[in-house]
Amino acid sequence: MRVEQIAVFMENKSGKLAEITSILAENNINIRALSVADTADFGILRLIVDDVEKAKKVLKSEGFTVGITNVLAVEVPDKTGGLASVLKAINNEGLNVEYMYAFVNKTGENAVLIFRFEDMDKAIDSLQKEGFTLLSSKVICSL
Amino acid sequence: MYWQQEYECMPREELAKLQLARLQNTVSRVGNHVPFYRTKFKEMGIDFENLKSLDDLKRLPFTYKQDLRDNYPYGLFAVPLREVVRVHSSSGTTGQATVVGYSRNDIQMWSDLVARVLCGAGVTADDVIQIAFGYGLFTGGFGLHYGAERLGASVIPISAGNTKRQIQIMRDFKTTALVCTPSYALKMVDVMMDAGINPNGLSLKYGLFGAEPWSEGMRQELNEKLGIRASDNYGLSEIMGPGVAGECHVCHGLHINEDHFLYEILDPETLEPVKPGEVGELVITTLTKEAFPVIRYRTRDLTRLIPEPCPCGRTFDRLHRMLGRTDDMLIIKGVNVFPMQIESVLCEIKGTAPHYRIIVDRENHEDKITVMVEVFNEIFFDAMKRQEEMINTIKRKLASELGVGVSVKLVEEKTLERFEGKGARVIDNRKL
């Protein structure tokens, strides 16, 4: 139920994001979702892509520092209160969110929330217990 | 393995006698034949024909780089030019060039001393040695070349530069020993990795690195990535060139060839000897050189004595790898900071020394030091909190080692310039 995410270190310089996304585009890698955490000096780009191994390989060969981490993808109906219901459950379970971001799937019916928890095992248990749908990498790629 | 065991393992009392006899001879020769020293001795009231003990060394005058410049080109030679068979020169990038000369005997002695260093590092007549030091006026290339030939190794005199060709030849000629600067060796590793060549799959066994300060972290990295035993060697053209000191297979400090060089480690401010084991400036007097003897040469290199006897059996003292230059020493907010300290801290954190650059600025009359560190997987995280914790750890460790606060800035991999020669990792922007 874990989804692989790539994280890329990038200096806070103009054109960096364009450079990285161009490399992915040239290699026919599709980006499903992304988020950037930034400071004045650098940013951490996190990506959900359709081919993690290939993306890692091509970015590394272009000199980027790339890490792969596991995240959870939770599917909720794209309507008012969708995110709140998940966050409420997370809060009740005492789970710590390290970061999160979201995207809406093509049909527009559902939203997908990407979470990185401190304790991933506990998070999987809790979310499943609460009846939330966790998506696999395969499903995400086919969205 | 020794090259000249009778000297390298000489009992210390015998060594002291030999040193005194050779010092008396050297001081007498420079007093008689080099006007610079004759004048100095006269001014200082030194009876240069009657040196009684090694202790008298500390009454002798120092020789500075500037003295070599002032006597450019041949003023400090102690023999007529017809007896000089070779000259070398420093580049003069930091001022007037300096010139040093060698007699036929000097060249022989030099070859033997370099052969000692090579032999101590493990190199034998069966090795193929690639010399990637510059050949020319710089002493590195020719110094190692003659020593390696003397040893009987098969020498590839490729000289410095053209990294791709270096790697090609290293593979084709099955090089077993590599001689270059440690930063150039790291650059070769990078180029090999980029070209998809496994650096560990070459025939290399030994790496003899010198001509710039480096660290244990770099040694480990070179050992692992190249599958070699990397050893340090030290020399400077003003004294002779390579072969002044070198590490044996124990790889813990450089044996200084004390039968040819008398060394002192002095506090650069007070010029008094430091306590054994404390860091100070290396000062060297040559004992046997004919064409270009020097008395108490201020090397500006910082080192310390490793007081324990070496398990290899050599009786020559060991010097810690050079810790930097007295003139590289940065004074930040009044605190003495050596770039090598920064490197060793970075290495401690994840066992590998990333490429780094030290930038010093002065803002609002206050010194500010920024260490730029190339990010690599072990210090990169997807979560900002952890990433910031890592940066703070680096900051905290640096501050505690240096005694002064620093900023740490992570930069992308392979964005800091690599150097083929002596690495210049400090950029001091202060206009003082």
# chains A, B, ... in the order shown; residues from 1 in each chain; ligands from 1
$ residues_around --residues "Lys106 of chain A" --least-positions-apart "2" --cutoff "7 Å" --atoms "only C-alpha atoms" --output "number ranges by chain"
A: 104, 108, 143
$ write_last_selection --atoms "C-alpha atoms" --output "PDB file, in the first residue's frame"
ATOM      1  CA  VAL A 104      -7.362  15.616  -8.198  1.00  0.00           C
ATOM      2  CA  GLY A 108     -12.519  14.886 -11.086  1.00  0.00           C
ATOM      3  CA  LEU A 143      -5.125   7.289 -12.975  1.00  0.00           C
TER       4      LEU A 143
END
$ closest_atom_pairs --of "chain B" --to "chain A" --cutoff "7 Å" --atoms "only C-alpha atoms" --output "CSV"
residue,atom,partner,partner_atom,distance
B:Phe376,CA,A:Thr65,CA,6.0
B:Asn377,CA,A:Thr65,CA,6.2
B:Asp382,CA,A:Ala7,CA,5.4
B:Ala383,CA,A:Glu98,CA,6.5
B:Met384,CA,A:Ala37,CA,6.8
B:Val411,CA,A:Glu11,CA,6.1
B:Glu412,CA,A:Glu11,CA,6.4
B:Glu413,CA,A:Gly63,CA,6.2
B:Lys414,CA,A:Gly63,CA,6.8
$ select_by_dssp --residues "segment 77-223 of chain B" --states "helix (DSSP H, G or I)" --output "ChimeraX atom specification"
/B:81-83,104-121,139-151,163-172,182-194,199-201,216-223
$ residues_around --residues "Arg430 of chain B" --least-positions-apart "4" --cutoff "8 Å" --atoms "only C-alpha atoms" --output "PyMOL selection string"
chain B and resi 360-362
$ write_last_selection --atoms "all heavy atoms" --output "short mmCIF file (atom, residue, chain, number, x, y, z; two decimals), in the first residue's frame"
data_model
loop_
_atom_site.label_atom_id
_atom_site.label_comp_id
_atom_site.auth_asym_id
_atom_site.auth_seq_id
_atom_site.Cartn_x
_atom_site.Cartn_y
_atom_site.Cartn_z
N VAL B 360 34.74 33.30 3.18
CA VAL B 360 34.83 34.21 4.31
C VAL B 360 34.45 35.61 3.85
O VAL B 360 34.96 36.09 2.84
CB VAL B 360 36.26 34.22 4.91
CG1 VAL B 360 36.28 35.00 6.21
CG2 VAL B 360 36.76 32.81 5.11
N ASP B 361 33.52 36.22 4.55
CA ASP B 361 33.09 37.58 4.23
C ASP B 361 33.18 38.43 5.48
O ASP B 361 33.25 37.91 6.60
CB ASP B 361 31.62 37.59 3.76
CG ASP B 361 31.46 36.93 2.41
OD1 ASP B 361 32.02 37.45 1.44
OD2 ASP B 361 30.80 35.87 2.35
N ARG B 362 33.17 39.72 5.27
CA ARG B 362 33.05 40.60 6.43
C ARG B 362 31.83 41.48 6.21
O ARG B 362 31.75 42.22 5.24
CB ARG B 362 34.31 41.45 6.60
CG ARG B 362 34.20 42.38 7.79
CD ARG B 362 35.54 42.89 8.23
NE ARG B 362 36.28 41.84 8.94
CZ ARG B 362 37.44 42.05 9.54
NH1 ARG B 362 38.01 43.23 9.50
NH2 ARG B 362 38.03 41.07 10.18
#
$ atom_distance --atom1 "atom CA of Pro268 of chain B" --atom2 "atom CA of Leu57 of chain B"
17.0 Å
$ residues_around --residues "Ala97 of chain B" --least-positions-apart "4" --cutoff "12 Å" --atoms "only C-alpha atoms" --output "PyMOL selection string"
chain B and resi 65-74+88-93+137-138+237-238
$ residues_around --residues "segment 17-25 of chain A" --least-positions-apart "4" --cutoff "8 Å" --atoms "only C-alpha atoms" --output "PyMOL selection string"
chain A and resi 29-30+55+58-59
$ write_last_selection --atoms "all heavy atoms" --output "compact mmCIF listing (two decimals), in the first residue's frame"
# COMPACT_ATOMS: atom_id res chain seq x y z
N ILE A 29 8.69 10.46 -19.04
CA ILE A 29 8.23 10.13 -17.69
C ILE A 29 7.12 11.12 -17.34
O ILE A 29 7.28 12.34 -17.48
CB ILE A 29 9.38 10.21 -16.68
CG1 ILE A 29 10.42 9.11 -17.00
CG2 ILE A 29 8.87 10.05 -15.24
CD1 ILE A 29 11.75 9.34 -16.39
N ASN A 30 6.01 10.56 -16.89
CA ASN A 30 4.86 11.38 -16.60
C ASN A 30 4.79 11.70 -15.11
O ASN A 30 4.96 10.81 -14.28
CB ASN A 30 3.60 10.61 -17.04
CG ASN A 30 2.48 11.54 -17.38
OD1 ASN A 30 2.51 12.73 -17.02
ND2 ASN A 30 1.47 11.02 -18.05
N ALA A 55 13.10 7.43 -13.63
CA ALA A 55 13.23 8.84 -13.25
C ALA A 55 14.48 9.03 -12.40
O ALA A 55 15.27 9.96 -12.59
CB ALA A 55 11.99 9.29 -12.49
N VAL A 58 17.68 8.69 -14.68
CA VAL A 58 18.00 9.81 -15.58
C VAL A 58 18.38 11.07 -14.80
O VAL A 58 19.28 11.81 -15.20
CB VAL A 58 16.86 10.11 -16.60
CG1 VAL A 58 16.67 8.92 -17.51
CG2 VAL A 58 15.56 10.50 -15.94
N LEU A 59 17.72 11.29 -13.66
CA LEU A 59 18.06 12.49 -12.88
C LEU A 59 19.45 12.36 -12.28
O LEU A 59 20.23 13.32 -12.25
CB LEU A 59 17.02 12.74 -11.79
CG LEU A 59 15.66 13.23 -12.32
CD1 LEU A 59 14.62 13.25 -11.19
CD2 LEU A 59 15.80 14.62 -12.94
$ atom_distance --atom1 "atom CA of Ile331 of chain B" --atom2 "atom CA of Asp367 of chain B"
9.0 Å
$ atom_distance --atom1 "atom CA of Tyr356 of chain B" --atom2 "atom CA of Val371 of chain B"
6.8 Å
$ residues_around --residues "Leu113 of chain A" --least-positions-apart "4" --cutoff "12 Å" --atoms "only C-alpha atoms" --output "mmCIF file with N, CA, C and O atoms, in the first residue's frame"
data_model
loop_
_atom_site.group_PDB
_atom_site.id
_atom_site.type_symbol
_atom_site.label_atom_id
_atom_site.label_comp_id
_atom_site.auth_asym_id
_atom_site.auth_seq_id
_atom_site.Cartn_x
_atom_site.Cartn_y
_atom_site.Cartn_z
ATOM 1 N N VAL A 3 3.475 3.900 -1.634
ATOM 2 C CA VAL A 3 3.743 4.431 -2.961
ATOM 3 C C VAL A 3 5.139 5.030 -2.951
ATOM 4 O O VAL A 3 5.514 5.705 -1.997
ATOM 5 N N ARG A 32 2.692 12.587 -11.895
ATOM 6 C CA ARG A 32 1.315 12.502 -11.388
ATOM 7 C C ARG A 32 1.046 13.626 -10.395
ATOM 8 O O ARG A 32 -0.042 14.192 -10.339
ATOM 9 N N ALA A 33 2.037 13.899 -9.557
ATOM 10 C CA ALA A 33 1.851 14.940 -8.544
ATOM 11 C C ALA A 33 3.224 15.432 -8.122
ATOM 12 O O ALA A 33 4.215 14.716 -8.280
ATOM 13 N N LEU A 34 3.255 16.651 -7.641
ATOM 14 C CA LEU A 34 4.537 17.139 -7.119
ATOM 15 C C LEU A 34 4.304 18.179 -6.049
ATOM 16 O O LEU A 34 3.239 18.789 -5.953
ATOM 17 N N SER A 35 5.334 18.340 -5.226
ATOM 18 C CA SER A 35 5.312 19.436 -4.261
ATOM 19 C C SER A 35 6.746 19.898 -4.057
ATOM 20 O O SER A 35 7.688 19.147 -4.317
ATOM 21 N N ILE A 48 5.629 12.265 -7.659
ATOM 22 C CA ILE A 48 5.049 10.945 -7.899
ATOM 23 C C ILE A 48 5.054 10.795 -9.416
ATOM 24 O O ILE A 48 4.465 11.636 -10.111
ATOM 25 N N VAL A 71 5.549 6.815 0.559
ATOM 26 C CA VAL A 71 4.488 7.693 1.055
ATOM 27 C C VAL A 71 3.170 6.912 0.944
ATOM 28 O O VAL A 71 3.138 5.829 0.372
ATOM 29 N N LEU A 72 2.118 7.472 1.496
ATOM 30 C CA LEU A 72 0.804 6.838 1.354
ATOM 31 C C LEU A 72 -0.076 7.728 0.490
ATOM 32 O O LEU A 72 -0.014 8.951 0.577
ATOM 33 N N ALA A 73 -0.894 7.099 -0.346
ATOM 34 C CA ALA A 73 -1.819 7.843 -1.188
ATOM 35 C C ALA A 73 -3.243 7.477 -0.743
ATOM 36 O O ALA A 73 -3.650 6.324 -0.833
ATOM 37 N N VAL A 74 -3.939 8.454 -0.237
ATOM 38 C CA VAL A 74 -5.281 8.204 0.280
ATOM 39 C C VAL A 74 -6.299 8.833 -0.685
ATOM 40 O O VAL A 74 -6.173 10.005 -1.048
ATOM 41 N N GLU A 75 -7.279 8.025 -1.080
ATOM 42 C CA GLU A 75 -8.264 8.540 -2.024
ATOM 43 C C GLU A 75 -9.507 8.995 -1.256
ATOM 44 O O GLU A 75 -10.014 8.255 -0.413
ATOM 45 N N VAL A 76 -9.919 10.219 -1.531
ATOM 46 C CA VAL A 76 -11.143 10.713 -0.890
ATOM 47 C C VAL A 76 -12.040 11.333 -1.965
ATOM 48 O O VAL A 76 -11.535 11.778 -2.998
ATOM 49 N N PRO A 77 -13.350 11.360 -1.745
ATOM 50 C CA PRO A 77 -14.232 12.021 -2.721
ATOM 51 C C PRO A 77 -13.876 13.495 -2.806
ATOM 52 O O PRO A 77 -13.565 14.123 -1.781
ATOM 53 N N ASP A 78 -13.880 14.037 -4.036
ATOM 54 C CA ASP A 78 -13.529 15.438 -4.214
ATOM 55 C C ASP A 78 -14.733 16.313 -3.891
ATOM 56 O O ASP A 78 -15.415 16.826 -4.766
ATOM 57 N N GLY A 82 -13.638 16.557 2.371
ATOM 58 C CA GLY A 82 -12.890 15.341 2.052
ATOM 59 C C GLY A 82 -11.571 15.275 2.793
ATOM 60 O O GLY A 82 -11.257 14.282 3.459
ATOM 61 N N LEU A 83 -10.799 16.321 2.690
ATOM 62 C CA LEU A 83 -9.501 16.366 3.352
ATOM 63 C C LEU A 83 -9.682 16.402 4.864
ATOM 64 O O LEU A 83 -8.985 15.699 5.613
ATOM 65 N N ALA A 84 -10.625 17.209 5.309
ATOM 66 C CA ALA A 84 -10.847 17.370 6.754
ATOM 67 C C ALA A 84 -11.126 16.032 7.413
ATOM 68 O O ALA A 84 -10.613 15.761 8.515
ATOM 69 N N SER A 85 -11.900 15.151 6.719
ATOM 70 C CA SER A 85 -12.252 13.868 7.336
ATOM 71 C C SER A 85 -11.007 13.013 7.573
ATOM 72 O O SER A 85 -10.865 12.359 8.599
ATOM 73 N N VAL A 86 -10.086 13.046 6.608
ATOM 74 C CA VAL A 86 -8.855 12.266 6.765
ATOM 75 C C VAL A 86 -8.007 12.860 7.884
ATOM 76 O O VAL A 86 -7.500 12.149 8.758
ATOM 77 N N LEU A 87 -7.828 14.179 7.852
ATOM 78 C CA LEU A 87 -6.974 14.830 8.840
ATOM 79 C C LEU A 87 -7.513 14.640 10.258
ATOM 80 O O LEU A 87 -6.748 14.485 11.211
ATOM 81 N N VAL A 97 2.226 13.987 10.786
ATOM 82 C CA VAL A 97 2.434 14.148 9.346
ATOM 83 C C VAL A 97 3.728 14.922 9.124
ATOM 84 O O VAL A 97 3.904 16.001 9.682
ATOM 85 N N TYR A 99 4.847 15.673 5.928
ATOM 86 C CA TYR A 99 4.405 16.601 4.892
ATOM 87 C C TYR A 99 3.280 15.951 4.100
ATOM 88 O O TYR A 99 3.056 14.736 4.193
ATOM 89 N N MET A 100 2.555 16.749 3.358
ATOM 90 C CA MET A 100 1.505 16.199 2.508
ATOM 91 C C MET A 100 1.256 17.118 1.327
ATOM 92 O O MET A 100 1.636 18.284 1.340
ATOM 93 N N TYR A 101 0.694 16.549 0.278
ATOM 94 C CA TYR A 101 0.229 17.339 -0.855
ATOM 95 C C TYR A 101 -0.892 16.553 -1.534
ATOM 96 O O TYR A 101 -1.178 15.419 -1.131
ATOM 97 N N ALA A 102 -1.557 17.180 -2.482
ATOM 98 C CA ALA A 102 -2.751 16.534 -3.017
ATOM 99 C C ALA A 102 -2.914 16.813 -4.502
ATOM 100 O O ALA A 102 -2.344 17.771 -5.024
ATOM 101 N N PHE A 103 -3.638 15.950 -5.177
ATOM 102 C CA PHE A 103 -4.035 16.235 -6.554
ATOM 103 C C PHE A 103 -5.408 15.619 -6.811
ATOM 104 O O PHE A 103 -5.872 14.741 -6.081
ATOM 105 N N VAL A 104 -6.038 16.126 -7.856
ATOM 106 C CA VAL A 104 -7.362 15.616 -8.198
ATOM 107 C C VAL A 104 -7.206 14.744 -9.435
ATOM 108 O O VAL A 104 -6.463 15.087 -10.347
ATOM 109 N N ASN A 105 -7.845 13.575 -9.413
ATOM 110 C CA ASN A 105 -7.653 12.695 -10.572
ATOM 111 C C ASN A 105 -8.433 13.160 -11.793
ATOM 112 O O ASN A 105 -9.250 14.075 -11.710
ATOM 113 N N PHE A 132 -10.479 4.191 5.070
ATOM 114 C CA PHE A 132 -10.024 4.988 3.929
ATOM 115 C C PHE A 132 -9.385 4.097 2.873
ATOM 116 O O PHE A 132 -8.844 3.028 3.173
ATOM 117 N N THR A 133 -9.453 4.545 1.605
ATOM 118 C CA THR A 133 -8.876 3.771 0.514
ATOM 119 C C THR A 133 -7.426 4.210 0.286
ATOM 120 O O THR A 133 -7.171 5.391 0.026
ATOM 121 N N LEU A 134 -6.512 3.241 0.409
ATOM 122 C CA LEU A 134 -5.105 3.540 0.108
ATOM 123 C C LEU A 134 -4.812 3.021 -1.289
ATOM 124 O O LEU A 134 -5.112 1.878 -1.599
ATOM 125 N N LEU A 135 -4.235 3.884 -2.109
ATOM 126 C CA LEU A 135 -3.968 3.479 -3.489
ATOM 127 C C LEU A 135 -2.559 2.900 -3.626
ATOM 128 O O LEU A 135 -1.628 3.335 -2.950
ATOM 129 N N ILE A 140 -2.144 4.432 -9.000
ATOM 130 C CA ILE A 140 -1.827 5.850 -9.185
ATOM 131 C C ILE A 140 -1.337 6.112 -10.596
ATOM 132 O O ILE A 140 -1.714 7.091 -11.240
#
$ closest_residue --among "B:Val87, B:Val426, B:Leu305, B:Ile197" --to "Leu266 of chain B" --atoms "only C-alpha atoms"
B:Leu305
$ residues_around --residues "Glu130 of chain A" --least-positions-apart "3" --cutoff "10 Å" --atoms "only C-alpha atoms" --output "PyMOL selection string"
chain A and resi 86+89-90+93+124-127+133
$ decode --residues "segment 106-118 of chain B" --atoms "all heavy atoms" --output "short mmCIF file (atom, residue, chain, number, x, y, z; two decimals), in the first residue's frame"
data_model
loop_
_atom_site.label_atom_id
_atom_site.label_comp_id
_atom_site.auth_asym_id
_atom_site.auth_seq_id
_atom_site.Cartn_x
_atom_site.Cartn_y
_atom_site.Cartn_z
N ASP B 106 73.46 15.32 -5.60
CA ASP B 106 72.13 15.69 -5.09
C ASP B 106 71.05 14.88 -5.79
O ASP B 106 70.10 14.41 -5.17
CB ASP B 106 71.85 17.18 -5.31
CG ASP B 106 72.68 18.08 -4.40
OD1 ASP B 106 73.14 17.60 -3.34
OD2 ASP B 106 72.87 19.26 -4.76
N ILE B 107 71.19 14.75 -7.11
CA ILE B 107 70.18 14.02 -7.89
C ILE B 107 70.15 12.55 -7.46
O ILE B 107 69.07 11.96 -7.29
CB ILE B 107 70.46 14.12 -9.41
CG1 ILE B 107 70.32 15.56 -9.89
CG2 ILE B 107 69.56 13.18 -10.22
CD1 ILE B 107 68.90 16.06 -10.05
N GLN B 108 71.33 12.00 -7.22
CA GLN B 108 71.39 10.60 -6.78
C GLN B 108 70.74 10.43 -5.42
O GLN B 108 69.97 9.50 -5.18
CB GLN B 108 72.85 10.17 -6.67
CG GLN B 108 73.43 9.82 -8.01
CD GLN B 108 74.41 8.66 -7.90
OE1 GLN B 108 74.96 8.40 -6.84
NE2 GLN B 108 74.60 7.97 -9.00
N MET B 109 71.09 11.34 -4.52
CA MET B 109 70.55 11.29 -3.17
C MET B 109 69.03 11.45 -3.22
O MET B 109 68.28 10.72 -2.59
CB MET B 109 71.21 12.41 -2.34
CG MET B 109 70.79 12.52 -0.91
SD MET B 109 69.38 13.62 -0.68
CE MET B 109 70.15 15.22 -0.89
N TRP B 110 68.59 12.41 -4.03
CA TRP B 110 67.16 12.67 -4.17
C TRP B 110 66.44 11.41 -4.68
O TRP B 110 65.41 11.00 -4.13
CB TRP B 110 66.96 13.85 -5.13
CG TRP B 110 65.57 14.36 -5.29
CD1 TRP B 110 64.49 14.08 -4.50
CD2 TRP B 110 65.10 15.26 -6.31
NE1 TRP B 110 63.38 14.75 -4.96
CE2 TRP B 110 63.72 15.48 -6.06
CE3 TRP B 110 65.71 15.91 -7.39
CZ2 TRP B 110 62.95 16.32 -6.88
CZ3 TRP B 110 64.94 16.75 -8.18
CH2 TRP B 110 63.57 16.95 -7.93
N SER B 111 67.01 10.77 -5.69
CA SER B 111 66.40 9.56 -6.24
C SER B 111 66.28 8.49 -5.16
O SER B 111 65.25 7.81 -5.05
CB SER B 111 67.25 9.00 -7.39
OG SER B 111 67.49 10.00 -8.34
N ASP B 112 67.33 8.35 -4.36
CA ASP B 112 67.27 7.34 -3.29
C ASP B 112 66.20 7.67 -2.25
O ASP B 112 65.50 6.78 -1.77
CB ASP B 112 68.63 7.23 -2.59
CG ASP B 112 69.52 6.20 -3.29
OD1 ASP B 112 68.99 5.16 -3.72
OD2 ASP B 112 70.74 6.46 -3.41
N LEU B 113 66.08 8.95 -1.93
CA LEU B 113 65.10 9.31 -0.91
C LEU B 113 63.67 9.11 -1.43
O LEU B 113 62.79 8.67 -0.69
CB LEU B 113 65.30 10.76 -0.43
CG LEU B 113 66.63 11.02 0.28
CD1 LEU B 113 66.65 12.40 0.91
CD2 LEU B 113 66.90 9.97 1.35
N VAL B 114 63.45 9.40 -2.70
CA VAL B 114 62.12 9.14 -3.27
C VAL B 114 61.89 7.63 -3.34
O VAL B 114 60.79 7.14 -3.04
CB VAL B 114 61.95 9.80 -4.66
CG1 VAL B 114 60.65 9.37 -5.31
CG2 VAL B 114 61.99 11.32 -4.52
N ALA B 115 62.94 6.87 -3.68
CA ALA B 115 62.81 5.41 -3.72
C ALA B 115 62.45 4.88 -2.32
O ALA B 115 61.64 3.95 -2.20
CB ALA B 115 64.11 4.77 -4.21
N ARG B 116 62.99 5.47 -1.28
CA ARG B 116 62.63 5.07 0.08
C ARG B 116 61.13 5.23 0.31
O ARG B 116 60.46 4.36 0.86
CB ARG B 116 63.33 5.97 1.11
CG ARG B 116 64.78 5.66 1.37
CD ARG B 116 65.24 6.56 2.52
NE ARG B 116 66.69 6.54 2.67
CZ ARG B 116 67.35 7.29 3.55
NH1 ARG B 116 66.70 8.13 4.35
NH2 ARG B 116 68.66 7.22 3.63
N VAL B 117 60.62 6.41 -0.11
CA VAL B 117 59.20 6.70 0.10
C VAL B 117 58.32 5.72 -0.68
O VAL B 117 57.35 5.18 -0.16
CB VAL B 117 58.89 8.17 -0.30
CG1 VAL B 117 57.39 8.42 -0.36
CG2 VAL B 117 59.57 9.14 0.67
N LEU B 118 58.71 5.48 -1.93
CA LEU B 118 57.94 4.55 -2.77
C LEU B 118 57.96 3.15 -2.17
O LEU B 118 56.94 2.47 -2.07
CB LEU B 118 58.52 4.51 -4.18
CG LEU B 118 58.33 5.77 -5.03
CD1 LEU B 118 59.23 5.73 -6.26
CD2 LEU B 118 56.87 5.90 -5.46
#
